[in-house]
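Peer 1: Mind having a look at this structure? Questions to follow.
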Amino acid sequence: MNPLRIIESFNLAIGKLCSFAVFIGMAIVIYEVIARYAFNAPSVWAPGYTQRIFAGYFILIGAYTLIKGGHVRVDILLNTRSPRWNAFADTLNYVALVIWTLALTYEAWFYFMDAWDFNEVDDSALRHPMWPVHLALFVGSALILLQGLSGVIASSLEFIKPKQKTEG
Amino acid sequence: MSPELLTAGMFGLLLVFILAGVSLAFALGSVAVIFVVIMNGLNGLFPILSATFASMWSISLAAIPLFVMMGISLGKSKIASDLYLAFHLWSGKVNGGLLVGTTGFASLLSAMTGSCAASTLTTGMVGMPAMDKHGYDKKFVLGTIGAAGTLGILIPPSITLIVIGMSTGLSIGKLFMGGLIAGLGMLAVILAYVVIKANLQPEKAPAATESVPLTEKIHSLRAVILPVGIISVVLLSIFLGIATPTEAAAVGAAAVLIAIAIRGELNWAFLKDVGYSTATMSGMVLWIIFGASAFVSVYSAANGIDFIQSFLLSLDISPWLLILIMQVAGFILGMFLDPIGIILLVMPIFMPVVTQLGFDPIWFAVIFQLNLCVGYISPPFGYNIFYLKTLSPQTSILDLYRSVFPYVVLMILFGVFLLAFPSILTDGVRLLTKS
Amino acid sequence: SPKKKIKWKFQTHWPTGNWYYDPIFNGLARRIQEATNGELAIETHQPNSIISTGDVLRGVRRGTLDGALIYPAYWVGDIPVAGHLTGNFGTWDSIEEMQFFLHDMGALKVIREAYATRGVYQVGPVSNGGTALYSNKRLETPKDFEGFKVRSNGTSAQVFEKMGAAPVSISGGELYQALQTGVVDGAHWGGVSAGWGMNLQEVTKYIIQPNLASHQNSEVFVSLKAWEKLGTDFKKVIEDAVLATHLEAAGMFMVRDLQRMQDFQTEHKGEIVQMNEDSVAMIRSKSLEVIDEISKRDPDYSGRVGSILRDFMKLTGKV
Ligand code: NA
Ligand code: NA
């Protein structure tokens, strides 16, 4: 099987799975509102886990959004010229993504190791470990980096040998 | 690197990337990486990660996917189309009546959702067929929908107002109230324009001819109950001290899902659909935030922000002119950039200047927000223009720009009006939040 | 012989708009620059301008920054003993007490050891004044604290919880409205004047006295690498400059807190409510319980400072 396809299917699966986190996050916030207002019993864990769940959600849906074409682009120069030009623009788009997420992934690894080595916990009264969120940052960055690299390959192949000739 | 060179380099490369079709998020992030490496080498990369983590970890941003979810689930359920029918039936046999109803519908959607996508796309999808059937002028319809759709981020809840609050420390509740005042004012302006134009040129928005029996009209009102319930739940939860504005997003999202369940439309396929679409749209917004915060951290660490601030404050001009310059900057940036990106790029620069000049920050921020709404319909980069294009693929982009043009002018005039009479916003917000 | 000039980057968590940013943060930089004849220049940076506040400790260790004037409570998840530098409810009653606890009884020395494990040199505290409680509920007796919804975090929240209150976590941007609509009944945001900066006086009826802590501190730390490159003369200059800034800041905050309490009563028709002795005693004992729990979790550092604190409490006749 085409390795680029494998990466894409993998990222699609992860993205779909993570997209349900929004419902879990919603439920936790509602729980906290009710516990505080109706029972005068605000919790320490609910705000902490709202933060954790949405933090993970935000970073982990990046690659999925990319595959779904969700990261908006100004398209005044796109789709107007040759397929070769479009392939060039796509390549540039993915190269920019790779430059950014390579830096993120590289730094996120040390960030994660830091939290792991020092057993870092959050500064609230909850005091739960921080490494899972740091790990999510590493994984989320790495996944979109992988998707970006596969985009660079696909679009530069397209640039070298466009599938179709210029139309009109 | 001198601040002049830094400013020209970072913003110049950003513009080149954006115009070459690089996604806004990636352009912001990669320019940040390139410049930090030029200035500080590979050891300088940590601030980029730190900025990303700080955004991820910011609890106020949790409201974004929740408000996005409200809009998406409303759009996918039949609540929206039934609601539109009610507006349609009640808009009456007057010139432009359908368009007035459509605008009212868009503003009600805006009060339930936090972004412009839902208000614009849903209004277009459910409203355009009816207006087509009644012989309304396509450009008049598209322009009005595009403009009314921008109320999505002006009338609370609003994603952009949340990001303004997060990046400036201003109270999100006060920003919401300011947005409400400006949003209702803008709604009145749009309605007035529609009514006047429809009566001057009735052929563009002819009155309906068929009569609707009163019983059918009253029957249609049932569709209004759930949406009004949803809006009340959100607003009351804030006003009664049950929830913070961030938490109200979850309350609202749950209310929408419950409303959809009451109608018997909630099932696994629907939830999956909503979850996936929410992820795509939230991913776009959040990754722009990640890119913009990286960009800003690199620019400010190299003293770029200090440079612009002291430059602005050193200008020997009246404070009012300075305010005007900053608002115009917002308008110009709105032509090219995403509103979230703009907020994160310039609010840290502008806000200290505004407060140092002794102006009310909420007043400034709300008018700036109106500028961002204009950005949704100003060429070349405007989300609502793209949404209109998907609603009406056969209309050329140029015609779309023409169709929204009168509204761009109206929105600017309204912004100038709010600037000139600050007490509308300052006293209004005080009144609404002191109650 | 002309020495090589040193240039350091410092970042703070204090917002630029506040009155204390220039006299205290920039003031510290000026003090050091003058005392070293300009050979050690400190460039001051706004919150989040180089690195986000939560990562400042890491950023200093990694050399992104050379130092910071910041709030020790941010690191309690990483360096639990940092909480003793911020200060605990119901312990010190005056700046003299705080100083002899930190310096003469040796608490600061232990705290420095803990910071050194994270690659930074802890120079010392910078006073922020007391910790004041703004409230819409009249709090006099211990019973009044039952179910009191208070915006609080970290170890302070734990103390409130033990007192039967209900600590709530609310972000700074939403605090004003949360007090106004009644999501929470009260909040502490530094001293009276710091809370004033958040406009808490507009949405609360009472300021509760005495302060929960008579002094709570920010801190100055410097990258250990940068610190060790300095000669003893410069080290001494910096330590003295931080100490002088600390003492000066304490006075600046205190006078403003007192002025604001007057304004609160005259301009805002607010009321200063005095807690009774039972309440003060309860805060003290619950605060010590929380401190003991931290000592158990972190015996190497918090445990040692915790036992110094026990001695301190006996010496000053508080227990
Ligand atoms: Na809205
Ligand atoms: Na635009």
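Chain labels follow the order of the structure tokens: the first chain is A, the next B, and so on; residue numbering restarts at 1 in every chain, and ligands are counted from 1 in their shown order.
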Which of range 217-282 of chain C counts as helix (DSSP H, G or I) under DSSP, as a PyMOL selection string please?

Peer 2: chain C and resi 224-228+232-266+277-282

Peer 1: Please, which residues of chain C lie no more than 6 Å from chain A when the count uses only C-alpha atoms, and can they be set out as a PyMOL selection string?

Peer 2: chain C and resi 76-78+153-154

Peer 1: Got a sec to check which residues lie within 9 Å of ligand 2, using only C-alpha atoms and all ligand atoms, and send them as a ChimeraX atom specification?

Peer 2: /B:331-339,372-385

Peer 1: If the limit is 7 Å from any atom of ligand 1, counting only C-alpha atoms and all ligand atoms, which residues qualify? Return them as number ranges by chain.

Peer 2: B: 110-115, 151-158

Peer 1: With the cut-off set at 6 Å and counting only C-alpha atoms, tabulate each residue of chain B with an atom at most that distance from an atom of chain C, showing the nearest atom pair and its distance in Å to one decimal, ordered by chain and increasing number, as CSV.

Peer 2:
```
residue,atom,partner,partner_atom,distance
B:Pro47,CA,C:Ile51,CA,5.1
B:Ser50,CA,C:Ser52,CA,5.9
B:Ala51,CA,C:Ser52,CA,5.9
B:Gly169,CA,C:Gly173,CA,5.0
B:Leu170,CA,C:Gly173,CA,5.8
B:Ser171,CA,C:Gly173,CA,4.9
B:Leu240,CA,C:Thr181,CA,6.0
B:Gly241,CA,C:Thr181,CA,4.3
B:Ile242,CA,C:Val183,CA,5.9
B:Ser297,CA,C:Ile50,CA,5.8
B:Ser300,CA,C:Ser49,CA,5.5
B:Ala301,CA,C:Ile50,CA,4.5
```

Peer 1: Could you save the residues just selected, with C-alpha atoms, as an mmCIF file, in the first residue's frame?

Peer 2:
```
data_model
loop_
_atom_site.group_PDB
_atom_site.id
_atom_site.type_symbol
_atom_site.label_atom_id
_atom_site.label_comp_id
_atom_site.auth_asym_id
_atom_site.auth_seq_id
_atom_site.Cartn_x
_atom_site.Cartn_y
_atom_site.Cartn_z
ATOM 1 C CA PRO B 47 9.465 30.583 22.713
ATOM 2 C CA SER B 50 5.913 28.050 24.727
ATOM 3 C CA ALA B 51 3.478 30.321 22.873
ATOM 4 C CA GLY B 169 -7.394 40.782 29.725
ATOM 5 C CA LEU B 170 -10.597 42.782 29.112
ATOM 6 C CA SER B 171 -13.752 41.328 30.597
ATOM 7 C CA LEU B 240 -28.047 34.979 36.832
ATOM 8 C CA GLY B 241 -24.499 34.088 37.820
ATOM 9 C CA ILE B 242 -24.962 30.426 37.000
ATOM 10 C CA SER B 297 6.162 36.092 20.505
ATOM 11 C CA SER B 300 7.781 41.097 20.493
ATOM 12 C CA ALA B 301 10.879 39.331 21.864
#
```

Peer 1: For chain A, work out the contacting residues on chain B at 7 Å, counting only C-alpha atoms, and write them as an MDAnalysis selection string.

Peer 2: chainID B and resid 18:24 26:27 29:30 33 45:46 49 56:57 59 62 242:243 247 250:251 275:276 279:281 283:284 286:287 381

Peer 1: Could you give me, as a PyMOL selection string, the residues within 12 Å of Arg284 in chain C, counting only C-alpha atoms and dropping anything in the same chain fewer than 3 positions from it?

Peer 2: chain C and resi 88-93+142+156+159-160+162-163+211-213+277-281+287-291+310+313+318-319

Peer 1: Using only C-alpha atoms, which residues sit within 12 Å of Thr144 in chain B once same-chain residues fewer than 6 positions away are excluded, as JSON, numbers by chain?

Peer 2: {"B": [96, 98, 99, 100, 101, 102, 103, 104, 105, 106, 107, 120, 123, 124, 127, 128, 131, 136, 137, 138, 150, 151, 187, 189, 190, 191, 192, 193, 194, 195, 197, 198, 205, 377, 384, 385, 388, 400, 401, 402, 403, 404, 405, 406, 407, 408, 410]}

Peer 1: Just the strand (DSSP E) stuff from range 11-144 of chain C, please, per backbone DSSP, written as a ChimeraX atom specification.

Peer 2: /C:11-12,40-45,67-70,120-127,131-135

Peer 1: Grab the residues selected above and save them as a compact mmCIF listing (two decimals), in the first residue's frame with N, CA and C atoms.

Peer 2:
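Ended up saving to out_0.txt:
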```txt
# COMPACT_ATOMS: atom_id res chain seq x y z
N GLN C 11 12.22 39.07 32.33
CA GLN C 11 10.79 39.19 32.03
C GLN C 11 10.01 39.16 33.34
N THR C 12 8.83 39.78 33.34
CA THR C 12 8.00 39.78 34.54
C THR C 12 6.60 39.25 34.21
N LEU C 40 26.58 46.02 34.14
CA LEU C 40 25.55 44.98 34.07
C LEU C 40 24.23 45.69 33.76
N ALA C 41 23.78 45.54 32.52
CA ALA C 41 22.54 46.19 32.09
C ALA C 41 21.43 45.15 32.03
N ILE C 42 20.29 45.50 32.60
CA ILE C 42 19.15 44.57 32.56
C ILE C 42 18.06 45.15 31.69
N GLU C 43 17.72 44.36 30.65
CA GLU C 43 16.67 44.77 29.73
C GLU C 43 15.36 44.19 30.28
N THR C 44 14.37 45.04 30.56
CA THR C 44 13.13 44.53 31.16
C THR C 44 12.09 44.25 30.08
N HIS C 45 11.39 43.14 30.22
CA HIS C 45 10.39 42.74 29.23
C HIS C 45 9.04 42.46 29.87
N GLY C 67 16.91 36.07 33.48
CA GLY C 67 16.31 36.12 34.79
C GLY C 67 14.89 36.63 34.72
N ALA C 68 14.25 36.71 35.89
CA ALA C 68 12.86 37.12 35.92
C ALA C 68 12.51 37.73 37.26
N LEU C 69 11.54 38.64 37.24
CA LEU C 69 10.88 39.07 38.46
C LEU C 69 9.47 38.53 38.32
N ILE C 70 9.14 37.53 39.09
CA ILE C 70 7.90 36.80 38.81
C ILE C 70 7.32 36.23 40.10
N VAL C 120 18.40 27.37 38.30
CA VAL C 120 18.32 28.82 38.49
C VAL C 120 18.77 29.20 39.90
N TYR C 121 19.27 30.42 40.03
CA TYR C 121 19.65 30.93 41.34
C TYR C 121 18.54 31.82 41.87
N GLN C 122 18.01 31.45 43.03
CA GLN C 122 16.96 32.24 43.67
C GLN C 122 17.62 33.40 44.41
N VAL C 123 17.40 34.62 43.93
CA VAL C 123 18.04 35.77 44.57
C VAL C 123 17.27 36.15 45.83
N GLY C 124 15.97 36.25 45.73
CA GLY C 124 15.19 36.58 46.91
C GLY C 124 13.83 37.13 46.55
N PRO C 125 13.02 37.38 47.60
CA PRO C 125 11.65 37.84 47.37
C PRO C 125 11.57 39.32 47.03
N VAL C 126 10.46 39.71 46.42
CA VAL C 126 10.10 41.12 46.25
C VAL C 126 8.65 41.25 46.72
N SER C 127 8.45 42.04 47.77
CA SER C 127 7.12 42.08 48.38
C SER C 127 6.05 42.64 47.45
N THR C 131 -2.31 39.94 51.30
CA THR C 131 -3.32 39.26 50.49
C THR C 131 -4.69 39.65 51.05
N ALA C 132 -5.43 40.42 50.26
CA ALA C 132 -6.71 40.93 50.76
C ALA C 132 -7.87 40.16 50.16
N LEU C 133 -8.92 40.03 50.96
CA LEU C 133 -10.09 39.31 50.50
C LEU C 133 -11.21 40.31 50.22
N TYR C 134 -11.62 40.40 48.96
CA TYR C 134 -12.79 41.20 48.57
C TYR C 134 -14.00 40.27 48.61
N SER C 135 -15.12 40.74 49.13
CA SER C 135 -16.23 39.80 49.30
C SER C 135 -17.59 40.48 49.21
```

Peer 1: Would you list the contacts of range 149-157 of chain A as a list of chain:residue names, taking every protein, DNA or RNA residue within 6 Å and counting only C-alpha atoms, but skipping same-chain residues closer than 2 positions in sequence?

Peer 2: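 Answer for this query is A:Leu4, A:Ala87, A:Thr91, A:Tyr94, A:Leu146, A:Gln147, A:Phe159, A:Ile160.
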
Peer 1: Residues at most 9 Å from His246 in chain C, counting only C-alpha atoms, excluding those fewer than 3 positions away in the same chain, as a list in words?

Peer 2: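 Here the qualifying residues turn out to be Ile24, Gly124, Pro125, Val126, Ser127, Asn128, Asn217, Ser218, Glu219, Ala241, Val242, Leu243, Ala249, Ala250 and Gly251 of chain C.
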
Peer 1: Filtering to N, CA and C atoms, could you give me those residues as a short mmCIF file (atom, residue, chain, number, x, y, z; two decimals), in the first residue's frame?

Peer 2:
```cif
data_model
loop_
_atom_site.label_atom_id
_atom_site.label_comp_id
_atom_site.auth_asym_id
_atom_site.auth_seq_id
_atom_site.Cartn_x
_atom_site.Cartn_y
_atom_site.Cartn_z
N ILE C 24 9.15 49.52 40.43
CA ILE C 24 9.72 48.33 41.05
C ILE C 24 10.52 47.48 40.04
N GLY C 124 15.97 36.25 45.73
CA GLY C 124 15.19 36.58 46.91
C GLY C 124 13.83 37.13 46.55
N PRO C 125 13.02 37.38 47.60
CA PRO C 125 11.65 37.84 47.37
C PRO C 125 11.57 39.32 47.03
N VAL C 126 10.46 39.71 46.42
CA VAL C 126 10.10 41.12 46.25
C VAL C 126 8.65 41.25 46.72
N SER C 127 8.45 42.04 47.77
CA SER C 127 7.12 42.08 48.38
C SER C 127 6.05 42.64 47.45
N ASN C 128 4.87 42.03 47.53
CA ASN C 128 3.69 42.53 46.81
C ASN C 128 2.67 43.12 47.77
N ASN C 217 4.84 37.45 48.34
CA ASN C 217 5.99 37.92 47.57
C ASN C 217 6.00 37.48 46.13
N SER C 218 6.60 38.33 45.31
CA SER C 218 7.13 37.90 44.03
C SER C 218 8.57 37.47 44.30
N GLU C 219 9.34 37.26 43.28
CA GLU C 219 10.71 36.76 43.48
C GLU C 219 11.57 37.21 42.32
N ALA C 241 20.54 44.75 45.72
CA ALA C 241 19.55 45.51 44.95
C ALA C 241 18.17 44.88 45.09
N VAL C 242 18.13 43.54 45.06
CA VAL C 242 16.84 42.86 45.20
C VAL C 242 16.27 43.08 46.61
N LEU C 243 17.14 43.01 47.60
CA LEU C 243 16.68 43.23 48.98
C LEU C 243 16.14 44.65 49.15
N ALA C 249 9.43 48.12 48.02
CA ALA C 249 8.14 47.71 47.46
C ALA C 249 7.12 47.49 48.57
N ALA C 250 7.58 46.87 49.68
CA ALA C 250 6.66 46.59 50.79
C ALA C 250 5.98 47.88 51.25
N GLY C 251 6.77 48.94 51.38
CA GLY C 251 6.21 50.22 51.79
C GLY C 251 5.26 50.79 50.75
#
```

Peer 1: CA of Phe100 in chain C to CA of Gly195 in chain C: how many Å, to one decimal?

Peer 2: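 One can read the CA of Phe100 in chain C to CA of Gly195 in chain C distance as 27.9 Å.
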